[in-house]
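S.K.: I'd like to ask some things about the structure below.
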Amino acid sequence: MRQITRFGFLCLIGGVPGFIVAQAITTSADKSASTFYDPSPHRVQMVTVDKDVQLEVLDWGGTGRPVVLLAGSGNTAHIYDDFGPKLAQTYHVYGITRRGFGASSSPASGYSARRQADDVLEVIAALKINRPVLVGHSFAGQELSSVATRFPDKIAGAVYLDAAYGYAFYDPLFGSMEFDLPELQDMLEQLSKSQNDAKLIDKLLQSDLSRFNRELQRKKQFAELISQVPADRAGPSATDRASFAALGAWYAQNMVGGIPPEVELHLSFESNPDGSVGKLRSHPPVSSQDSKWEKFEKIPVPVLAIFACPPDYGPAIDRNSALREKLEAFDAAGCQAQAKALEKGAPSARVVLWPRTYHYLFIARRDDVLNEMRSFVDRLPQ
């Protein structure tokens with residue numbers, strides 16, 4: 001449910017850049033694209049993290065403890081163009097665009113959570129960033145958990161911005177089909193070879209099958225809810241895509257949390273010769289090996305996790321109050337269970353649930369996120 005709601009009918013959204021410093025940007029995805037400008041006051045550098053792989057790293061400057069921002073899937077570090085400068089008033093703030101997106105290299109492989117976490121570690125080492133606080137939005141929770149569990153001494157803490165779901169922390173009671181289905185398939189294959197394995201049968205009956213049944217019931221319930229989503233959630237019309245400014249206006253009207261920065265829109269969509277908005281830029285190819293998730297059951301570093309629980313689904317859903325109530329109840333049950341599991345797996349974690357908050361909560365509730373982060377970071381040991 002969490003992935004589907006976050007990535008299925010909640011779209012890219014960003015903040016409004018309001019800074020004077022301008023920087024020309026050309027994307028590696030489309031060298032013929034028109035040059036546009038990024039007014040956010042950051043320095044840009046390319047850092048080599050692997051053979052023939054460089055990542056774009058933004059540096060908003062600042063003093064104090066270093067903080068490294070990781071964007072969610074589909075975004076670049078420029079999604080933080082408004083948030084980063086505010087945070088840099090207190091800390092030294094960096095942002096990393098993962099491989100395959102924006103100006104970063106797009107190799108044919110290396111898109112597993114572990115490899116991308118290694119990329120983050122390579123950036124930290126190359127820039128001599130001493131034990132930063134890692135901050136990840138959405139699917140970047142995978143990278144946070146991979147770094148935190150394998151190299152807890154390399155970071156001072158981890159901040160999950162609506163990012164601590166099953167891909168970042170596995171709850172064995174609630175389960176996650178992405179993990180449980182392959183394991184169930186393996187056990188059923190073992191059973192077909194040894195049908196008299198009493199221990200395996202008992203495990204299936206007592207634990208795995210019952211948990212998998214609950215997961216199927218949740219998926220069925222969600223599928224029924226999704227079938228009721230209004231057709232006008234399909235996306236912007238041709239008129240709305242006549243220019244990037246028009247597309248930004250569409251997001252402002254149909255989504256919640258702010259107007260996307262033109263920089264991030266240019267990095268997410270192709271530009272047509274007439275200035276209209278083209279198709280979404282293609283994501284990097286992901287091999288079957290890269291697509292396998294890691295299972296994280298303990299986070300051995302200080303944690304701040306903020307959940308949009310339940311999220312704000314936007315005006316189209318709000319017009320159907322009965323559907324919104326059902327979706328909220330369904331989503332709240334899942335994220336509340338996840339939050340409780342995280343509190344058990346990371347007993348010192350600060351877990352915050354904000355109801356009816358948009359997934360890009362560092363934009364929708366920027367000042368609240370800044371306050372939570374400052375309180376968390378300032379209490380970390382030096």
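Labels for the structure tokens follow display order: chains A, B, ..., residues from 1 in each chain, ligands from 1.
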Hey, what's within 9 Å of range 308-312 of chain A if we count only C-alpha atoms and toss same-chain stuff fewer than 4 positions away? As a PyMOL selection string, please?

M.R.: chain A and resi 5-6+161-162+256+317-318+327-336+352-361

S.K.: Mind checking which residues fall within 10 Å of Val133 in chain A, counting only C-alpha atoms, ignoring those fewer than 3 positions away in the same chain, and posting them as an NGL selection string?

M.R.: :A and (65-69 or 93 or 130 or 136 or 144 or 154-159 or 302-303 or 373 or 377 or 380)

S.K.: What would the file look like if the residues just selected were written as a JSON list (two decimals), in the first residue's frame with N, CA and C atoms?

M.R.:
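File produced: out.json:
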[["chain", "number", "residue", "atom", "x", "y", "z"],
["A", 65, "ARG", "N", 27.51, 20.95, 12.13],
["A", 65, "ARG", "CA", 27.49, 19.53, 11.77],
["A", 65, "ARG", "C", 27.06, 19.36, 10.31],
["A", 66, "PRO", "N", 27.73, 18.47, 9.57],
["A", 66, "PRO", "CA", 27.32, 18.24, 8.18],
["A", 66, "PRO", "C", 26.03, 17.43, 8.09],
["A", 67, "VAL", "N", 25.21, 17.79, 7.13],
["A", 67, "VAL", "CA", 23.95, 17.10, 6.85],
["A", 67, "VAL", "C", 23.92, 16.79, 5.36],
["A", 68, "VAL", "N", 23.62, 15.54, 5.01],
["A", 68, "VAL", "CA", 23.57, 15.11, 3.61],
["A", 68, "VAL", "C", 22.14, 14.72, 3.25],
["A", 69, "LEU", "N", 21.58, 15.37, 2.23],
["A", 69, "LEU", "CA", 20.20, 15.14, 1.80],
["A", 69, "LEU", "C", 20.15, 14.19, 0.61],
["A", 93, "VAL", "N", 25.25, 21.87, 4.66],
["A", 93, "VAL", "CA", 24.28, 21.02, 3.98],
["A", 93, "VAL", "C", 24.73, 20.65, 2.57],
["A", 130, "ASN", "N", 32.77, 14.52, 7.78],
["A", 130, "ASN", "CA", 32.94, 13.77, 9.01],
["A", 130, "ASN", "C", 31.61, 13.44, 9.67],
["A", 136, "GLY", "N", 16.93, 11.25, 4.28],
["A", 136, "GLY", "CA", 16.39, 10.67, 3.06],
["A", 136, "GLY", "C", 14.89, 10.83, 2.97],
["A", 144, "LEU", "N", 19.49, 4.98, 3.31],
["A", 144, "LEU", "CA", 19.76, 5.32, 4.70],
["A", 144, "LEU", "C", 19.97, 4.07, 5.54],
["A", 154, "LYS", "N", 30.00, 5.54, 10.41],
["A", 154, "LYS", "CA", 30.27, 6.55, 9.39],
["A", 154, "LYS", "C", 29.30, 7.73, 9.45],
["A", 155, "ILE", "N", 28.18, 7.56, 10.17],
["A", 155, "ILE", "CA", 27.19, 8.64, 10.24],
["A", 155, "ILE", "C", 26.80, 8.89, 11.70],
["A", 156, "ALA", "N", 26.30, 10.09, 11.95],
["A", 156, "ALA", "CA", 25.88, 10.45, 13.31],
["A", 156, "ALA", "C", 24.43, 10.11, 13.58],
["A", 157, "GLY", "N", 23.63, 9.98, 12.53],
["A", 157, "GLY", "CA", 22.21, 9.69, 12.69],
["A", 157, "GLY", "C", 21.52, 9.63, 11.35],
["A", 158, "ALA", "N", 20.26, 9.20, 11.36],
["A", 158, "ALA", "CA", 19.49, 9.05, 10.12],
["A", 158, "ALA", "C", 18.12, 9.68, 10.31],
["A", 159, "VAL", "N", 17.72, 10.49, 9.33],
["A", 159, "VAL", "CA", 16.41, 11.14, 9.36],
["A", 159, "VAL", "C", 15.59, 10.62, 8.17],
["A", 302, "PRO", "N", 21.12, 6.68, 15.91],
["A", 302, "PRO", "CA", 19.99, 7.54, 16.29],
["A", 302, "PRO", "C", 19.10, 7.84, 15.09],
["A", 303, "VAL", "N", 17.79, 7.79, 15.31],
["A", 303, "VAL", "CA", 16.83, 7.91, 14.21],
["A", 303, "VAL", "C", 15.76, 8.95, 14.53],
["A", 373, "MET", "N", 14.10, 18.48, 12.88],
["A", 373, "MET", "CA", 15.47, 18.09, 12.56],
["A", 373, "MET", "C", 16.47, 18.80, 13.46],
["A", 377, "VAL", "N", 19.09, 16.82, 15.67],
["A", 377, "VAL", "CA", 20.52, 16.92, 15.37],
["A", 377, "VAL", "C", 21.27, 17.54, 16.53],
["A", 380, "LEU", "N", 22.42, 15.17, 19.27],
["A", 380, "LEU", "CA", 23.35, 14.09, 18.96],
["A", 380, "LEU", "C", 24.71, 14.38, 19.59]]

S.K.: Where does DSSP see helix (DSSP H, G or I) in range 125-294 of chain A, if you list the residues as a VMD selection string?

M.R.: chain A and resid 125 to 126 138 to 150 152 to 154 177 to 193 198 to 226 231 to 234 244 to 254 262 to 268

S.K.: Take the residues that were just selected and, keeping C-alpha atoms, output them as an mmCIF file, in the first residue's frame.

M.R.:
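As written to disk, selection_19.cif reads:
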data_model
loop_
_atom_site.group_PDB
_atom_site.id
_atom_site.type_symbol
_atom_site.label_atom_id
_atom_site.label_comp_id
_atom_site.auth_asym_id
_atom_site.auth_seq_id
_atom_site.Cartn_x
_atom_site.Cartn_y
_atom_site.Cartn_z
ATOM 1 C CA ALA A 125 34.826 9.916 1.833
ATOM 2 C CA ALA A 126 35.788 11.978 -1.227
ATOM 3 C CA SER A 138 10.701 8.431 0.418
ATOM 4 C CA PHE A 139 12.531 5.562 -1.300
ATOM 5 C CA ALA A 140 15.904 6.972 -0.177
ATOM 6 C CA GLY A 141 15.055 5.231 3.087
ATOM 7 C CA GLN A 142 16.643 2.132 1.535
ATOM 8 C CA GLU A 143 19.993 3.886 1.191
ATOM 9 C CA LEU A 144 19.757 5.319 4.703
ATOM 10 C CA SER A 145 19.125 1.908 6.228
ATOM 11 C CA SER A 146 21.841 0.255 4.151
ATOM 12 C CA VAL A 147 24.456 2.764 5.323
ATOM 13 C CA ALA A 148 23.203 2.778 8.920
ATOM 14 C CA THR A 149 23.181 -1.003 9.318
ATOM 15 C CA ARG A 150 26.503 -1.723 7.593
ATOM 16 C CA PRO A 152 26.925 2.927 11.669
ATOM 17 C CA ASP A 153 30.236 4.539 12.629
ATOM 18 C CA LYS A 154 30.266 6.550 9.386
ATOM 19 C CA MET A 177 5.088 -8.930 0.017
ATOM 20 C CA GLU A 178 8.264 -7.748 -1.734
ATOM 21 C CA PHE A 179 10.222 -9.780 0.815
ATOM 22 C CA ASP A 180 7.712 -12.439 1.791
ATOM 23 C CA LEU A 181 6.686 -13.660 -1.667
ATOM 24 C CA PRO A 182 10.199 -14.774 -2.769
ATOM 25 C CA GLU A 183 10.749 -16.483 0.603
ATOM 26 C CA LEU A 184 7.385 -18.220 0.371
ATOM 27 C CA GLN A 185 8.174 -19.387 -3.155
ATOM 28 C CA ASP A 186 11.484 -20.830 -1.936
ATOM 29 C CA MET A 187 9.810 -22.695 0.912
ATOM 30 C CA LEU A 188 7.087 -24.107 -1.321
ATOM 31 C CA GLU A 189 9.772 -25.310 -3.710
ATOM 32 C CA GLN A 190 11.557 -26.999 -0.790
ATOM 33 C CA LEU A 191 8.270 -28.582 0.248
ATOM 34 C CA SER A 192 7.721 -29.970 -3.243
ATOM 35 C CA LYS A 193 11.050 -31.765 -2.915
ATOM 36 C CA ALA A 198 7.355 -31.449 9.406
ATOM 37 C CA LYS A 199 9.329 -28.427 10.588
ATOM 38 C CA LEU A 200 8.905 -26.651 7.275
ATOM 39 C CA ILE A 201 5.184 -27.444 7.183
ATOM 40 C CA ASP A 202 4.767 -26.156 10.723
ATOM 41 C CA LYS A 203 6.584 -22.927 9.899
ATOM 42 C CA LEU A 204 4.389 -22.392 6.865
ATOM 43 C CA LEU A 205 1.191 -23.037 8.818
ATOM 44 C CA GLN A 206 2.098 -21.074 11.928
ATOM 45 C CA SER A 207 3.783 -18.067 10.434
ATOM 46 C CA ASP A 208 4.413 -17.576 6.752
ATOM 47 C CA LEU A 209 1.097 -18.564 5.204
ATOM 48 C CA SER A 210 -0.967 -16.696 7.784
ATOM 49 C CA ARG A 211 1.107 -13.534 7.332
ATOM 50 C CA PHE A 212 0.948 -13.863 3.554
ATOM 51 C CA ASN A 213 -2.821 -14.280 3.742
ATOM 52 C CA ARG A 214 -3.073 -10.994 5.664
ATOM 53 C CA GLU A 215 -0.947 -9.296 3.015
ATOM 54 C CA LEU A 216 -3.194 -10.595 0.227
ATOM 55 C CA GLN A 217 -6.258 -9.334 2.061
ATOM 56 C CA ARG A 218 -4.685 -5.880 2.356
ATOM 57 C CA LYS A 219 -3.791 -5.866 -1.350
ATOM 58 C CA LYS A 220 -7.341 -6.851 -2.257
ATOM 59 C CA GLN A 221 -8.770 -4.096 -0.073
ATOM 60 C CA PHE A 222 -6.418 -1.539 -1.604
ATOM 61 C CA ALA A 223 -7.250 -2.668 -5.160
ATOM 62 C CA GLU A 224 -10.934 -2.108 -4.408
ATOM 63 C CA LEU A 225 -10.192 1.394 -3.104
ATOM 64 C CA ILE A 226 -7.991 2.300 -6.059
ATOM 65 C CA ALA A 231 -10.467 9.718 -13.462
ATOM 66 C CA ASP A 232 -9.248 13.321 -13.174
ATOM 67 C CA ARG A 233 -6.266 12.053 -11.221
ATOM 68 C CA ALA A 234 -4.840 10.963 -14.557
ATOM 69 C CA PHE A 244 6.825 24.469 -17.570
ATOM 70 C CA ALA A 245 5.185 27.441 -15.879
ATOM 71 C CA ALA A 246 1.756 26.045 -16.802
ATOM 72 C CA LEU A 247 2.735 22.635 -15.465
ATOM 73 C CA GLY A 248 3.865 24.229 -12.205
ATOM 74 C CA ALA A 249 0.496 25.962 -11.942
ATOM 75 C CA TRP A 250 -1.247 22.610 -12.482
ATOM 76 C CA TYR A 251 0.706 21.060 -9.611
ATOM 77 C CA ALA A 252 -0.146 24.015 -7.380
ATOM 78 C CA GLN A 253 -3.853 23.583 -8.086
ATOM 79 C CA ASN A 254 -4.132 19.798 -8.119
ATOM 80 C CA GLU A 262 11.209 24.766 -12.580
ATOM 81 C CA VAL A 263 14.674 23.248 -12.184
ATOM 82 C CA GLU A 264 13.278 19.975 -10.847
ATOM 83 C CA LEU A 265 10.567 19.917 -13.490
ATOM 84 C CA HIS A 266 13.157 20.310 -16.265
ATOM 85 C CA LEU A 267 15.157 17.481 -14.715
ATOM 86 C CA SER A 268 12.068 15.271 -14.558
#

S.K.: Apply DSSP to the structure's backbone, then extract all residues of range 81-300 of chain A labelled strand (DSSP E) and return them as a list in words.

M.R.: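 In range 81-300 of chain A, DSSP puts these residues in strand (DSSP E): His92, Val93, Tyr94, Gly95, Ile96, Thr97, Val133, Leu134, Val135, Gly136, His137, Gly157, Ala158, Val159, Tyr160, Leu161, Phe269, Glu270, Ser271, Val277, Gly278, Lys279 and Leu280 of chain A.
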
S.K.: So how far away is CA of Phe101 in chain A from CA of Pro300 in chain A, in Å?

M.R.: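 Here the two named atoms are 29.5 Å from each other.
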
S.K.: Write out as a list in words the residues lying within 10 Å of Lys279 in chain A, counting only C-alpha atoms and excluding same-chain residues fewer than 3 positions away.

M.R.: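 Close residues of Lys279 in chain A: Arg241, Ser268, Phe269, Glu270, Ser271, Asn272 and Ser282 of chain A.
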
S.K.: Neighbouring residues of Gly84 in chain A were defined as those with any atom within 8 Å, considering only C-alpha atoms; residues of the same chain fewer than 5 positions away were excluded. Please report them as a count of residues only.

M.R.: 4
